[in-house]
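Below is query-v2.csv, which holds CSV, C-alpha atoms and all ligand atoms.
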chain,number,residue,atom,x,y,z
A,82,MET,CA,-15.5,14.9,-15.4
A,83,THR,CA,-15.7,17.7,-12.8
A,84,PRO,CA,-12.7,19.9,-12.0
A,85,ILE,CA,-12.4,18.1,-8.7
A,86,GLU,CA,-12.4,14.7,-10.3
A,87,ALA,CA,-9.9,15.8,-12.8
A,88,LEU,CA,-7.5,17.2,-10.1
A,89,GLU,CA,-8.0,14.0,-8.1
A,90,ARG,CA,-7.0,12.0,-11.2
A,91,VAL,CA,-3.9,14.2,-11.7
A,92,VAL,CA,-2.8,13.5,-8.1
A,93,HIS,CA,-3.4,9.8,-8.6
A,94,CYS,CA,-1.3,9.7,-11.7
A,95,LEU,CA,1.5,11.7,-10.1
A,96,ASP,CA,1.5,9.3,-7.2
A,97,ARG,CA,1.7,6.2,-9.3
A,98,SER,CA,4.7,7.7,-11.2
A,99,HIS,CA,6.4,8.0,-7.8
A,100,GLU,CA,6.4,11.8,-8.2
A,101,SER,CA,6.4,12.9,-4.6
A,102,GLY,CA,7.9,16.3,-5.0
A,103,PHE,CA,6.8,19.9,-5.5
A,104,LYS,CA,4.5,19.1,-8.4
A,105,THR,CA,2.3,16.7,-6.4
A,106,LYS,CA,2.2,18.9,-3.4
A,107,ALA,CA,1.1,21.8,-5.6
A,108,PHE,CA,-1.8,19.8,-7.1
A,109,VAL,CA,-2.9,18.5,-3.7
A,110,ARG,CA,-3.0,22.1,-2.5
A,111,ALA,CA,-4.9,23.1,-5.7
A,112,LEU,CA,-7.4,20.3,-5.0
A,113,ASP,CA,-8.0,21.6,-1.5
A,114,VAL,CA,-8.6,25.1,-2.8
A,115,ALA,CA,-10.9,23.8,-5.6
A,116,ARG,CA,-12.9,21.8,-3.1
A,117,SER,CA,-13.5,24.8,-0.9
A,118,THR,CA,-14.5,27.0,-3.8
A,119,SER,CA,-18.0,26.9,-5.2
A,120,PRO,CA,-18.5,25.3,-8.7
A,121,ASP,CA,-20.0,28.6,-9.8
A,122,GLU,CA,-17.0,30.6,-8.8
A,123,LEU,CA,-14.6,28.1,-10.5
A,124,ALA,CA,-16.6,28.4,-13.7
A,125,ARG,CA,-16.7,32.2,-13.6
A,126,ARG,CA,-13.0,32.4,-13.0
A,127,ALA,CA,-12.2,29.8,-15.7
A,128,ALA,CA,-14.2,31.9,-18.2
A,129,ALA,CA,-12.5,35.1,-17.1
A,130,GLY,CA,-9.0,33.6,-16.9
A,131,THR,CA,-8.6,34.5,-13.2
A,132,LEU,CA,-8.3,31.0,-11.6
A,133,THR,CA,-4.7,31.7,-10.8
A,134,GLU,CA,-5.7,34.6,-8.6
A,135,LEU,CA,-6.9,32.1,-6.1
A,136,ASP,CA,-4.1,31.4,-3.6
A,137,GLY,CA,-2.9,27.8,-4.3
A,138,ILE,CA,-4.0,27.6,-8.0
A,139,GLY,CA,-1.0,27.7,-10.3
A,140,SER,CA,-1.0,27.7,-14.1
A,141,SER,CA,-1.1,23.8,-14.4
A,142,SER,CA,-3.9,23.3,-12.0
A,143,ALA,CA,-5.8,26.2,-13.7
A,144,THR,CA,-5.4,24.4,-17.0
A,145,VAL,CA,-6.8,21.2,-15.6
A,146,ILE,CA,-9.8,23.0,-14.1
A,147,ALA,CA,-10.5,25.0,-17.2
A,148,GLU,CA,-10.2,21.9,-19.5
A,149,ALA,CA,-12.5,19.9,-17.3
A,150,LEU,CA,-15.1,22.6,-17.4
A,151,ARG,CA,-15.1,22.5,-21.2
A,152,GLY,CA,-14.9,18.7,-21.5
A,153,ASP,CA,-11.4,18.7,-22.7
A,154,THR,CA,-8.9,16.2,-21.2
A,155,ALA,CA,-5.6,17.1,-23.1
A,156,TYR,CA,-3.5,17.7,-19.9
A,157,LEU,CA,-4.8,14.6,-18.2
A,158,ASP,CA,-4.5,12.4,-21.3
A,159,GLN,CA,-0.9,13.3,-21.6
A,160,LEU,CA,-0.3,12.6,-17.9
A,161,GLU,CA,-2.2,9.3,-18.0
A,162,ALA,CA,-0.1,8.1,-20.9
A,163,SER,CA,3.2,9.2,-19.4
A,164,THR,CA,2.6,7.6,-15.9
A,165,VAL,CA,1.4,4.1,-16.8
A,166,VAL,CA,3.2,1.6,-14.5
A,167,PRO,CA,5.0,-0.8,-16.9
A,168,ILE,CA,4.8,-4.6,-16.6
A,169,THR,CA,6.5,-7.4,-18.4
A,170,ALA,CA,4.5,-10.2,-20.1
A,171,ALA,CA,5.8,-12.6,-17.5
A,172,GLY,CA,4.8,-10.3,-14.7
A,173,HIS,CA,1.4,-9.9,-16.2
A,174,ARG,CA,0.6,-13.5,-15.5
A,175,TYR,CA,1.0,-12.8,-11.8
A,176,ARG,CA,-0.8,-9.5,-11.9
A,177,ALA,CA,-3.8,-11.1,-13.6
A,178,ALA,CA,-4.0,-13.7,-10.9
A,179,LEU,CA,-4.0,-11.2,-7.9
A,180,ARG,CA,-7.4,-10.8,-6.3
A,181,GLY,CA,-6.5,-8.2,-3.7
A,182,ASP,CA,-3.8,-6.2,-1.9
A,183,LEU,CA,-2.7,-7.1,1.6
A,184,HIS,CA,-0.7,-4.1,2.8
A,185,LEU,CA,-1.8,-0.5,2.4
A,186,HIS,CA,-2.3,2.6,4.4
A,187,SER,CA,-4.9,5.3,4.8
A,188,THR,CA,-5.3,8.7,6.5
A,189,TRP,CA,-5.9,6.7,9.7
A,190,SER,CA,-2.1,6.6,9.9
A,191,ASP,CA,0.3,8.1,7.4
A,192,GLY,CA,-1.5,7.5,4.2
A,193,GLY,CA,-2.7,10.4,2.0
A,194,ALA,CA,-6.2,9.0,1.1
A,195,SER,CA,-9.2,7.8,3.1
A,196,ALA,CA,-9.9,4.1,3.5
A,197,GLU,CA,-13.0,4.7,1.3
A,198,ALA,CA,-10.9,6.3,-1.5
A,199,MET,CA,-8.3,3.5,-1.3
A,200,ALA,CA,-11.2,0.9,-1.5
A,201,ARG,CA,-12.8,2.6,-4.5
A,202,THR,CA,-9.5,2.7,-6.3
A,203,ALA,CA,-8.9,-1.0,-5.5
A,204,ILE,CA,-12.3,-1.8,-7.0
A,205,ALA,CA,-11.4,0.2,-10.1
A,206,LEU,CA,-8.2,-1.9,-10.4
A,207,GLY,CA,-10.3,-5.0,-10.4
A,208,HIS,CA,-9.6,-6.2,-6.9
A,209,ASP,CA,-12.2,-8.2,-4.9
A,210,TYR,CA,-10.8,-7.2,-1.5
A,211,MET,CA,-8.1,-5.3,0.3
A,212,VAL,CA,-6.6,-5.5,3.8
A,213,LEU,CA,-6.3,-2.1,5.5
A,214,THR,CA,-3.0,-2.2,7.4
A,215,ASP,CA,-2.3,1.1,9.1
A,216,HIS,CA,0.6,1.5,11.5
A,217,SER,CA,0.7,0.5,15.2
A,218,PRO,CA,1.2,3.0,18.0
A,219,ARG,CA,5.0,2.8,18.4
A,220,LEU,CA,5.4,4.4,15.0
A,221,THR,CA,4.4,7.9,16.3
A,222,ILE,CA,5.7,9.8,13.3
A,223,ALA,CA,3.2,7.8,11.2
A,224,HIS,CA,0.3,8.4,13.7
A,225,GLY,CA,0.2,4.7,14.5
A,226,LEU,CA,-3.2,3.5,15.8
A,227,SER,CA,-3.8,2.9,19.5
A,228,ALA,CA,-6.1,0.0,20.5
A,229,GLU,CA,-8.9,2.6,20.9
A,230,ARG,CA,-8.4,4.2,17.4
A,231,LEU,CA,-8.2,0.8,15.9
A,232,GLN,CA,-11.6,0.0,17.3
A,233,GLN,CA,-12.9,3.2,15.6
A,234,GLN,CA,-11.3,2.1,12.4
A,235,LEU,CA,-13.0,-1.3,12.7
A,236,ALA,CA,-16.4,0.4,13.0
A,237,GLU,CA,-15.6,2.5,9.8
A,238,VAL,CA,-14.5,-0.6,8.0
A,239,ALA,CA,-17.8,-2.4,8.9
A,240,ALA,CA,-19.8,0.6,7.6
A,241,LEU,CA,-17.8,0.8,4.4
A,242,ASN,CA,-18.3,-2.9,3.8
A,243,GLU,CA,-22.1,-2.4,3.9
A,244,SER,CA,-21.8,0.2,1.1
A,245,LEU,CA,-19.1,-1.3,-1.0
A,246,ALA,CA,-20.3,-4.9,-1.1
A,247,PRO,CA,-19.4,-7.3,-2.8
A,248,PHE,CA,-16.0,-5.7,-2.4
A,249,ARG,CA,-14.5,-6.5,1.0
A,250,ILE,CA,-12.2,-4.5,3.2
A,251,LEU,CA,-10.6,-7.0,5.5
A,252,SER,CA,-9.3,-5.7,8.8
A,253,GLY,CA,-5.6,-5.6,9.5
A,254,ILE,CA,-2.6,-3.8,10.7
A,255,GLU,CA,1.1,-3.3,10.0
A,256,VAL,CA,2.3,-4.0,13.5
A,257,ASP,CA,5.8,-3.0,14.5
A,258,ILE,CA,8.2,-5.7,15.5
A,259,LEU,CA,9.7,-4.3,18.7
A,260,GLU,CA,13.4,-4.7,19.5
A,261,ASP,CA,13.0,-8.0,21.3
A,262,GLY,CA,10.7,-9.5,18.6
A,263,ALA,CA,7.5,-8.8,20.6
A,264,LEU,CA,4.7,-7.0,18.8
A,265,ASP,CA,3.3,-3.5,19.2
A,266,HIS,CA,-0.2,-4.6,20.2
A,267,THR,CA,-1.6,-7.2,22.6
A,268,ASP,CA,-2.7,-10.6,21.5
A,269,ASP,CA,-6.2,-9.6,22.4
A,270,VAL,CA,-6.1,-6.7,19.9
A,271,LEU,CA,-4.4,-8.7,17.1
A,272,SER,CA,-6.8,-11.6,17.5
A,273,GLN,CA,-9.7,-9.3,16.3
A,274,LEU,CA,-8.0,-8.6,13.0
A,275,ASP,CA,-8.3,-10.6,9.8
A,276,VAL,CA,-4.7,-10.2,8.6
A,277,VAL,CA,-1.6,-9.1,10.5
A,278,VAL,CA,1.5,-7.8,8.7
A,279,ALA,CA,4.5,-7.5,11.0
A,280,SER,CA,7.4,-5.2,10.0
A,281,VAL,CA,10.7,-3.9,11.5
A,282,HIS,CA,10.8,-0.1,11.4
A,283,SER,CA,13.3,0.7,14.2
A,284,LYS,CA,16.9,-0.4,15.1
A,285,LEU,CA,17.4,-1.6,11.6
A,286,ARG,CA,21.2,-1.8,12.1
A,287,MET,CA,21.2,-4.2,15.0
A,288,PRO,CA,23.8,-7.1,14.7
A,289,GLY,CA,22.7,-10.0,12.5
A,290,PRO,CA,22.3,-12.6,15.3
A,291,GLU,CA,20.0,-10.3,17.3
A,292,MET,CA,18.0,-9.2,14.3
A,293,THR,CA,17.6,-12.9,13.3
A,294,GLU,CA,16.3,-13.7,16.8
A,295,ARG,CA,14.0,-10.7,16.7
A,296,MET,CA,12.5,-11.6,13.4
A,297,VAL,CA,12.1,-15.3,14.1
A,298,ARG,CA,10.2,-14.5,17.3
A,299,ALA,CA,7.9,-12.2,15.4
A,300,VAL,CA,7.1,-14.4,12.4
A,301,GLU,CA,6.5,-17.4,14.8
A,302,HIS,CA,3.8,-15.3,16.6
A,303,PRO,CA,0.5,-17.1,16.0
A,304,HIS,CA,-1.3,-13.9,14.9
A,305,VAL,CA,1.4,-12.8,12.4
A,306,ASP,CA,0.4,-13.7,8.8
A,307,ILE,CA,2.9,-11.7,6.7
A,308,LEU,CA,6.4,-10.5,7.2
A,309,GLY,CA,6.5,-7.0,5.7
A,310,HIS,CA,9.5,-5.6,3.7
A,311,CYS,CA,12.0,-8.0,5.4
A,312,THR,CA,15.3,-6.2,4.9
A,313,GLY,CA,14.1,-2.6,5.5
A,314,ARG,CA,16.4,-1.4,2.7
A,315,LEU,CA,15.7,1.8,0.8
A,316,ILE,CA,17.4,1.5,-2.5
A,317,ASP,CA,20.4,3.9,-2.7
A,318,LYS,CA,19.6,5.3,0.7
A,319,ARG,CA,19.6,2.5,3.3
A,320,GLU,CA,21.4,-0.8,3.3
A,321,PRO,CA,19.4,-4.0,4.0
A,322,SER,CA,19.3,-5.2,7.6
A,323,ALA,CA,21.6,-8.1,8.5
A,324,PHE,CA,19.8,-11.4,9.4
A,325,ASP,CA,20.2,-15.1,8.7
A,326,PRO,CA,17.7,-15.7,5.8
A,327,ASP,CA,17.7,-19.5,6.4
A,328,ALA,CA,16.6,-19.0,10.0
A,329,VAL,CA,14.0,-16.3,9.3
A,330,PHE,CA,12.5,-17.7,6.1
A,331,GLY,CA,12.7,-21.2,7.5
A,332,ALA,CA,10.6,-20.0,10.4
A,333,CYS,CA,8.2,-18.3,8.0
A,334,ALA,CA,7.7,-21.5,6.1
A,335,ARG,CA,7.2,-23.6,9.2
A,336,SER,CA,4.7,-21.1,10.8
A,337,ARG,CA,2.8,-20.2,7.6
A,338,THR,CA,3.9,-16.6,7.6
A,339,ALA,CA,4.0,-15.2,4.1
A,340,VAL,CA,7.1,-13.3,3.0
A,341,GLU,CA,6.0,-10.1,1.4
A,342,ILE,CA,7.2,-9.0,-2.0
A,343,ASN,CA,7.0,-5.3,-1.3
A,344,CYS,CA,6.3,-3.3,-4.5
A,345,ARG,CA,7.3,0.1,-3.4
A,346,PRO,CA,9.9,1.3,-6.0
A,347,GLU,CA,12.3,2.4,-3.2
A,348,ARG,CA,12.0,-0.9,-1.3
A,349,LEU,CA,11.6,-3.8,-3.8
A,350,ASP,CA,12.1,-6.2,-0.9
A,351,PRO,CA,13.3,-8.9,-0.6
A,352,PRO,CA,16.4,-8.5,-2.9
A,353,ALA,CA,16.6,-11.2,-5.6
A,354,PRO,CA,19.1,-13.5,-3.8
A,355,LEU,CA,16.9,-13.5,-0.7
A,356,LEU,CA,13.7,-14.1,-2.7
A,357,ALA,CA,15.4,-17.1,-4.4
A,358,ARG,CA,16.3,-18.5,-1.0
A,359,ALA,CA,12.7,-18.0,0.4
A,360,ILE,CA,11.4,-20.0,-2.6
A,361,GLU,CA,13.8,-22.8,-2.0
A,362,LEU,CA,12.8,-22.9,1.7
A,363,GLY,CA,9.1,-23.4,0.7
A,364,CYS,CA,7.8,-20.0,1.8
A,365,TRP,CA,4.4,-18.5,1.0
A,366,PHE,CA,4.4,-15.0,-0.5
A,367,SER,CA,2.1,-12.0,-0.8
A,368,ILE,CA,2.6,-9.3,-3.5
A,369,ASP,CA,1.7,-6.0,-1.8
A,370,SER,CA,1.8,-2.4,-2.9
A,371,ASP,CA,2.3,-0.9,0.6
A,372,ALA,CA,0.4,2.0,-0.9
A,373,HIS,CA,0.2,5.3,1.0
A,374,ALA,CA,-1.9,7.0,-1.8
A,375,THR,CA,-4.5,5.8,-4.3
A,376,GLY,CA,-2.1,5.9,-7.3
A,377,GLN,CA,0.4,3.7,-5.4
A,378,LEU,CA,-2.1,0.9,-5.4
A,379,GLU,CA,-1.0,0.5,-9.1
A,380,TRP,CA,2.5,-0.5,-8.0
A,381,GLN,CA,1.8,-4.3,-7.8
A,382,PRO,CA,3.2,-4.8,-11.3
A,383,LEU,CA,6.7,-3.9,-9.9
A,384,GLY,CA,6.5,-6.9,-7.5
A,385,CYS,CA,4.8,-9.1,-10.1
A,386,ASP,CA,7.8,-8.6,-12.4
A,387,ARG,CA,10.2,-9.6,-9.6
A,388,ALA,CA,8.1,-12.6,-8.7
A,389,ALA,CA,8.1,-13.7,-12.3
A,390,ALA,CA,11.9,-13.2,-12.7
A,391,ALA,CA,12.5,-15.2,-9.5
A,392,GLY,CA,10.1,-18.0,-10.5
A,393,VAL,CA,7.8,-17.6,-7.4
A,394,PRO,CA,5.3,-20.5,-7.7
A,395,LEU,CA,2.0,-18.8,-8.4
A,396,ASP,CA,0.1,-21.1,-6.1
A,397,ARG,CA,2.3,-19.9,-3.2
A,398,VAL,CA,1.1,-16.3,-3.6
A,399,ILE,CA,-1.7,-15.9,-1.0
A,400,ASN,CA,-3.3,-12.9,-2.6
A,401,THR,CA,-4.2,-15.0,-5.6
A,402,PHE,CA,-6.8,-16.6,-3.3
A,403,ASP,CA,-10.3,-15.2,-3.1
A,404,ALA,CA,-11.2,-13.6,0.2
A,405,ALA,CA,-12.7,-16.7,1.7
A,406,ALA,CA,-9.7,-18.9,0.8
A,407,LEU,CA,-7.4,-16.2,2.1
A,408,LEU,CA,-9.2,-16.2,5.5
A,409,ARG,CA,-9.0,-20.0,5.6
A,410,TRP,CA,-5.3,-19.8,4.9
A,411,VAL,CA,-4.9,-17.3,7.7
A,412,GLU,CA,-6.7,-19.6,10.1
A,413,GLY,CA,-4.3,-22.3,9.1
A,414,GLU,CA,-6.6,-24.5,7.1
A,501,ZN,ZN,6.4,-0.6,6.8
A,502,ZN,ZN,3.4,-0.2,5.2
Would you kindly transcribe this structure into C-alpha cells?
Amino acid sequence: MTPIEALERVVHCLDRSHESGFKTKAFVRALDVARSTSPDELARRAAAGTLTELDGIGSSSATVIAEALRGDTAYLDQLEASTVVPITAAGHRYRAALRGDLHLHSTWSDGGASAEAMARTAIALGHDYMVLTDHSPRLTIAHGLSAERLQQQLAEVAALNESLAPFRILSGIEVDILEDGALDHTDDVLSQLDVVVASVHSKLRMPGPEMTERMVRAVEHPHVDILGHCTGRLIDKREPSAFDPDAVFGACARSRTAVEINCRPERLDPPAPLLARAIELGCWFSIDSDAHATGQLEWQPLGCDRAAAAGVPLDRVINTFDAAALLRWVEGE
C-alpha cells in the first residue's frame, strides 16, 4: 500500500465512523499535501523523520505515511477494527440481499469524493450498481446541478460505465421538492434520468396540511421513483416535519414511489412508527446510504437493521433487484 492509498483508507474509515470533525479534516489536508509531494521526497523525509516539517502533515499522518513506506499497517489496522459499522444478524439478511445503493452524492454537488471513487468503493462493497444522485440547482449551498452541468455529468457517467463494466452507474438526481410540491427540474430533464429521488430540503416547518399536499404532489409526479428522507429530521437537532403519513405513504403506494429508509446516522428516516405505517399501506422501499463520502457507503447496515426491526418485506425493497429489474420497476412494469 502506498502512502497515498493508506491515507485514503484512513479518511474512508473516519468517514464510516461518522467522524466529521478536526481529525478527518486534518487527514484530508495531509492527503492533499502527500499527493502534491513527490514519492521520493516523502520517502526521504520519512527516513529522516522530517515529514511533519511539511505544512499539513501532523504526527498521525506522518505515522501513517512512514508505516506505509515500510510495509507496516499498525495504525490503519487499529483504525479498521475500531470503525467497522455494526450490523445485527437480522439486518444482515437485508444487507446480503442489497445489490446497489440508490441515493449518494459526489463532488459534482456536495460530496467529498469523485463519482469514480464512489463507484470503485461500491464495487469493493459488492454492489452491482449505484445511482448517482447529486443535488438539483435550488440547493445552492450544495452546488446543485443545473440542467447544463447535469448533461456534463451524464457524459462522465457514460465514460465511467465503459471502464467500470460490468458495474453500472445509473443516472439520477436528488431533486428538491419545491414549496408547492413542484420539482426543481423540468420534466424534460427528469425524463432522461434512470432514477429520481425527490426530497424536501426547505421550509421543513410548514403546517402539516400544506406539507402533506406538497409531498403528495411530488410523489405522484410520474418521474419520481423514491421519496428521500421523508421527515427531514436530524436526530437531537431538528424535529421531523409534520405531514399526514396515511396521505403521503398512501400516495407513494398507489404511484409506485418507494419510501426511502435513509441510513445516515443523524437521519434514520422514517422514524419507526412511520415505517410501520408505510409497511401497512403497502409501500415499496429502498435502503440508501445517502453517502457524501466513500466511507459513508458503508452505512447501509444502519438502515438494514431498522428494516429488519420493522419487518419490512424483503421483496418490497427495490434495491434487492438487479439493475435490469430495477429499471423495469422504475418504468412501471
Ligand atoms: Zn437530501
Ligand atoms: Zn442526499
Would you mind listing what lies within 8 Å of range 123-135 of chain A as a PDB file with C-alpha atoms, in the frame of the given file, with only C-alpha atoms counted and same-chain residues fewer than 3 positions away left out?
ATOM      1  CA  VAL A 114      -8.600  25.100  -2.800  1.00  0.00           C
ATOM      2  CA  ALA A 115     -10.900  23.800  -5.600  1.00  0.00           C
ATOM      3  CA  THR A 118     -14.500  27.000  -3.800  1.00  0.00           C
ATOM      4  CA  SER A 119     -18.000  26.900  -5.200  1.00  0.00           C
ATOM      5  CA  PRO A 120     -18.500  25.300  -8.700  1.00  0.00           C
ATOM      6  CA  ILE A 138      -4.000  27.600  -8.000  1.00  0.00           C
ATOM      7  CA  GLY A 139      -1.000  27.700 -10.300  1.00  0.00           C
ATOM      8  CA  SER A 140      -1.000  27.700 -14.100  1.00  0.00           C
ATOM      9  CA  ALA A 143      -5.800  26.200 -13.700  1.00  0.00           C
ATOM     10  CA  ILE A 146      -9.800  23.000 -14.100  1.00  0.00           C
ATOM     11  CA  ALA A 147     -10.500  25.000 -17.200  1.00  0.00           C
ATOM     12  CA  LEU A 150     -15.100  22.600 -17.400  1.00  0.00           C
TER      13      LEU A 150
END
Residue among A:Asp265, A:Asp257, A:Glu148, A:Asp369 lying closest to ligand ZN 501 (chain A), counting all atoms listed in the file: A:Asp257
May I ask for the distance between CA of Ala178 in chain A and CA of Ala404 in chain A, given in Å to one decimal place? 13.2 Å
Of the residues A:Asp261, A:Asp403, A:Asp215, A:Asp386, which is the one nearest to Trp189 in chain A, using only C-alpha atoms? A:Asp215
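With all atoms listed in the file as the atoms that count, the set of residues no farther than 9 Å from ligand ZN 501 (chain A) is His184, His216, Glu255, Val256, Asp257, Val278, Ala279, Ser280, Val281, His282, Gly309, His310, Gly313 and Asp371 of chain A.
We find CA of Val297 in chain A and CA of Ile360 in chain A to be spaced 17.4 Å apart.
Counting all atoms listed in the file and comparing A:Lys318, A:Leu362, A:Asp113, A:Val300, the residue that lies closest to Ser336 in chain A is A:Val300.
Contact shell of Ser370 in chain A at 10 Å (all atoms listed in the file; same-chain neighbours under 6 positions omitted): Asp182, Leu183, His184, Leu185, His186, Glu341, Ile342, Asn343, Cys344, Arg345, Pro346, Leu349, Gln377, Leu378, Glu379, Trp380, Gln381, Pro382, Leu383 and Gly384 of chain A.
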